[in-house]
Structures are given as structure tokens and as C-alpha cells.
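> Please see the structure below; I have some questions.
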Amino acid sequence: MSEALLRVRALDVSYAVQQRGRNVRLRALRGVSFELLRGEALAVIGESGSGKSTLGRAVLRLIDVDAGEIVFRGQDLLRLRGEALRRMRAHLQMIFQDGLSALDPRMQIGAILGEPLQVFRPELTRAERHAAAGAMLERVGLTRAQLGRYPHEFSGGQAQRIGIARALIVGPELIVCDEPLSALDVSIKAQIAALLKSAQQETHVALLFIAHDLPAVRQLCDRVLVLYLGRVMEIAPTEALFRAPVHPYTRALLAAVPVPDPRRARARRIAPLAGEVPSALAPPSGCVFRTRCAHAVDRCAQEVPELRAIGHSLVACHRAEELIGSAPG
Amino acid sequence: MPSIRATADVPATVLQIRGLNVRYLTPGGSVTAVDGVDLDVHAGECLGIVGESGSGKTQLLLSILGLLPPQARIGGSVRYRGTELLALPADQLNRVRGARIAMIFQDPMTALNPYMRVLDQLREVACLHDGLTRKAAEERALAMIEGVHIGEPARRARQYPHELSGGMRQRIMVAMALMAEPEIILADEPTTALDVTVQAQVLALLQEVRERTGAALVLVTHDLGVVAQLADRIGVMRAGKLVELAGCEELFAAPRHPYTQSLLRALPSLDGIP
């Protein structure tokens, strides 16, 4: 678990949008760099509009990127075309937020699970595909007998299990999970999180786990990448991040998580992060977080902070050293 | 504002729910959404109602204000200060809902009228319930928008819902609920659609509003973290039934019903989060 499976370098992604009738570029990701090791689960967290989903889509080559490098299994994904890209996708799967709408309502579950095998393992016979689909369905906690059912006959949690089965069936090395737990109830969420965790331990598949549910991130992921307005704020091992977050934004994000313990919830009384995320069309100069940061100084408005190593973490904050050990807030 | 305050021992009950049943007749037979719920809401308290999808928590809230669809069959009793709401004709019920009992919905984008400026929607509440003049209603609306900590209230008031962020829209919903100075605020998953940072802001606002106005808050949510922070008492719903009702600390420290215990066990550990 030491070799980099995915290396993203200086990734820039923008969207064309209209503002007062004029075409402008909304820069969704700016200079994003990180590595994902084989078998590792890396969480990507941040508020709506931080660029988390854009990052997942860029890695899957579902959207075009402006600049940068996405090296997966030693090959630059951005240079792959046609058949080579299609073959690479066998190693690169995705799980979506809304499990039910991610399944074709007109296809039986057996066909849904058989299709990726048909594409990536054409040597298999129909019977072999059927057997593999049945085994995979049992692996995710459903029964072989349900192969003939249609998506609408399943609950949201079951649909998510089928989505996981579909991603796992081709034996990928990386699964991009875009908020796979967000739409689920508490008890179902715990079950699906446990399923993802056990599947990951068994198959050593790496996960790029896009989420805003921090407790689930803590349960599932080895490291966490924090995004804000398209820039990386902090990358840290999960336990280090939860116990001693360095970046002021990470601290604010953790402080906002409701704690299901009345005494602690009332004792902490941390002032919520004021204001809202600024528009990505007019992001603040320098550090993009400075307009909401309690620690901002003049330098933060002038210089974009580089991501640099602080202890076990990578942190993009001019004042990171001073903030270590200070009270969060 | 009625200034009836709960005494230490016997809290005044503002809402009394007894044997509440909600059923739907479907081609496949009768489906029970709420099943014999008994519940009191005390003056000024925050009562949390937790449960998973389909537990009946939203149906319970909607039935209080007579907002269920026509095919719903409702039985039992919901009394607001002695008045039976379930039997009230629409015109009298309209004097209670929005005025004495207000509601905050999960999705402000669908709860607000997309064709009306924020100010007009708020003003409508005051004109309708308190018979204020246009001018007076506008002043109150602006004060309410300011009261929910929206910057530049005068400019925001003239915008349409789609021009506001999700957090701001939910603040507008809170302002709208407060317009007629209600005694009870019913909130259905008010922060579920929001980011954690914005959720923290809206929860702080709800807490502040309660302290400022003395209104009781019935907070329906699936998130035990949300009720842990705000609620005085918590009711747990499952399959239409209220399976447990306890003080907030008591429920977390010593849950009695096996279902409550399993809900608490399903929570991932948060040790170390500051």
C-alpha cells in the first residue's frame, strides 16, 4: 500500500457559464494536486460548490480539464483516447449518490450486473456472467433469486448495494464514490459503510470517497483531502485530521458537525462559521478562505498559500505553524 | 405574545395530541402512517422527534396543521390550548396555522413562492393574520429579515427566492414563521438540505429565536446530532408509533427502547472532534 495508484498534478477545471449575458469561465478546481495509494481510501470533503464532485468527474474523464495531469496506473488519463481509455475504465468505477436513479429502470438486476462483464470480460459466456452476477449479489448482502428483479422493487439501501456490486464486478482498482451514503437513513448508512469497508479490505480497491458526512469519512477513510472553492486546504491522515485539524477551514468544518451527545453538544458552544462561500466567479484574492477566516492577515489577501508539510499533514495556510496547538475556532 | 411560562413542576401544555391515527386507503389495502400517538408539547420547550424515512414523523407534523392530502383518514385528537384542531373548519384553522402555529419546511425552494419577492411573501403573513397596513407589514418584514441575520435586508427583501443561497432561503423561512409571533414552531428537517457549516448557523438561529420569542419548537429530524444540541425532550418514532419519549440527556445516556438503542449504536464514533 505504498505505490501511488493515482497521481493528480496541478489540475485546473472550469465551466462555461453565463453571467449577465456574457460568457465567463467558472473555475471549479485550481491547482489541485494529490496522490492516492493502492488500496487506500481517500476522502474529499468540503461544502457545496467546493469542487468535490468536479474532482471525481475529472478523474473519471467524464468532463474536460483545462490543465494538469491525471496519472492512473502509470498512464496519463488525459492523453488516452478511444479504445485505450475504454480499457482503462475497467479499472476505474463509480458509485453514485442516488442509488436508484443510477440503475436503468428497464433492466433486470442480472443484466445490470452482467453488462460491465460483457464489455470488459467478453471471453465469459452468458452462464458465467450470470453466475458471477449472482455471486456478487450475494457478496453485497442480497440474494441470487433477486437477479430477475427490476430496480423499482428495491429500497434505496438495496439499490446502493446493487450499485456497489456493479462497480466491484469488474474488479476495479479505484472506485470514485460520489456521496454514496448521503441519501440513506442512519441505520442503512451504517450498513452500507460497513459493506464498502469490508469490500475494500477484501479486494484492496482504492476509494476516492466524496462526502460531506464527516463521521462516515472517519469510519471509512485513511486520509482526507479538504477542498474549499476549488483549492486544496489540507490533506491529512484521518485520525490526525479529526484530532488535530490544522487549517482554520478544516477546524470550522469539524466544529460544525452536530455531536450526538447532549452534554458535549451544549458544552462546546463554538460560534458557527460566519457568512457563506463566496462566488466561484469572483473568488477572493490570495487565500480563498480568508474572507471567513478568523486568523486572516494582510499577507493572506496577497499570496496564495502553497500546500506544505506540517507534521503528518499538508496544509495551505500562511499561519499554519502559529495555529498548531492554539484553540480551534 | 402570550407570556404563559412553564413552572418548574407542571409545564403548561400548548399542544395536546391523543390517539392520533393517520391512514391511507390504497388499492393494496389500508396503510397506517401514524399509529396511536399521544404527545404533549410544553410551552417554550424544544421537542425533538427523530425517526427514519417512513417512520411517520412528517405525517405527524402535517396532521397537526391539517396539511395532509385529502385521501388521508385522520383519527384521534389534536388540541391547541383546548381547541380541537382536527374538527376546525378551514377558516378558523387558518387563524391558527401560520399565526399561532407556524411551520418551517425542509426545502425552502419549494415552500417559498418562486414568483414573489421575499418581502411580499413575508408581508402577506402580517396582512393576513394581524391586519397590518402595507407599510406596517413591510416594516415588520424588514425587521424579521434583519432578525434572522441576513446582511443587507433591504436589498435581499426585494429579491426572488432563486436569487438567494440555500442557507439564506432557510433563514427567510424562519423569518416568515416568526412574522405572526407564533407560540409553536413546527420544523420539518429544517437543516437536512444544508451543508454542515450552514446547518450550524441555522440551528444557532433556531436556538436564538426560541430564547428570544419563547416559542415552543417541535423539531423533526433524522439526525440525532441535531436534537442532541437543541432538544429538551426527544420522541423516537418507528413505523408510525412513538416508541420512546424521554428527556434529552436521559435518552442518550440510557435509551430504553431496543429501537432507540439500535439507532444510537448506528452512530459512528466522533471521539476527538473538538
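By convention in this document, the chains of the C-alpha cells carry letters A, B, ... by their order, each chain's residues are numbered from 1, and ligands are numbered from 1 in the order they are shown.
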For stretch 242-247 of chain B, please output as a PyMOL selection string all residues within 12 Å (counting only C-alpha atoms; exclusion window: fewer than 6 positions along the same chain).

(chain A and resi 262) or (chain B and resi 17-21+33-41+45-51+55-57+60+227-228+230-236+253-261)

> Would you mind listing, as a list in words, all residues of chain B that have at least one atom within 6 Å of chain A, where only C-alpha atoms are what counts?

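The complete set of qualifying residues is Glu52, Asp195, Val196, Thr197, Ala200, Gln201, Leu224, Gly225, Val226, Ala228, Gln229, Glu249, Ala266, Pro268, Gly272 and Ile273 of chain B.
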
> Mind the document's chain letters and residue numbers, and return as an MDAnalysis selection string the residues of stretch 112-256 of chain A that DSSP labels alpha helix (DSSP H).

chainID A and resid 112:120 126:139 156:168 186:203 214:220 238:243 248:255

> Pick out the residues sitting within 6 Å of stretch 230-234 of chain A, and hand them over as a PyMOL selection string; count only C-alpha atoms, and ignore anything fewer than 3 positions along from it in its own chain.

chain A and resi 28-30+50-51+225-227+314-316

> Mind listing the strand (DSSP E or B) residues of stretch 124-273 of chain A, per DSSP on the backbone, as a list in words?

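Across stretch 124-273 of chain A, those assigned strand (DSSP E or B) are Leu174, Ile175, Val176, Cys177, Asp178, Ala206, Leu207, Leu208, Phe209, Ile210, Arg223, Val224, Leu225, Val226, Leu227, Tyr228, Arg231, Val232, Met233, Glu234, Ile235, Ala236 and Pro237 of chain A.
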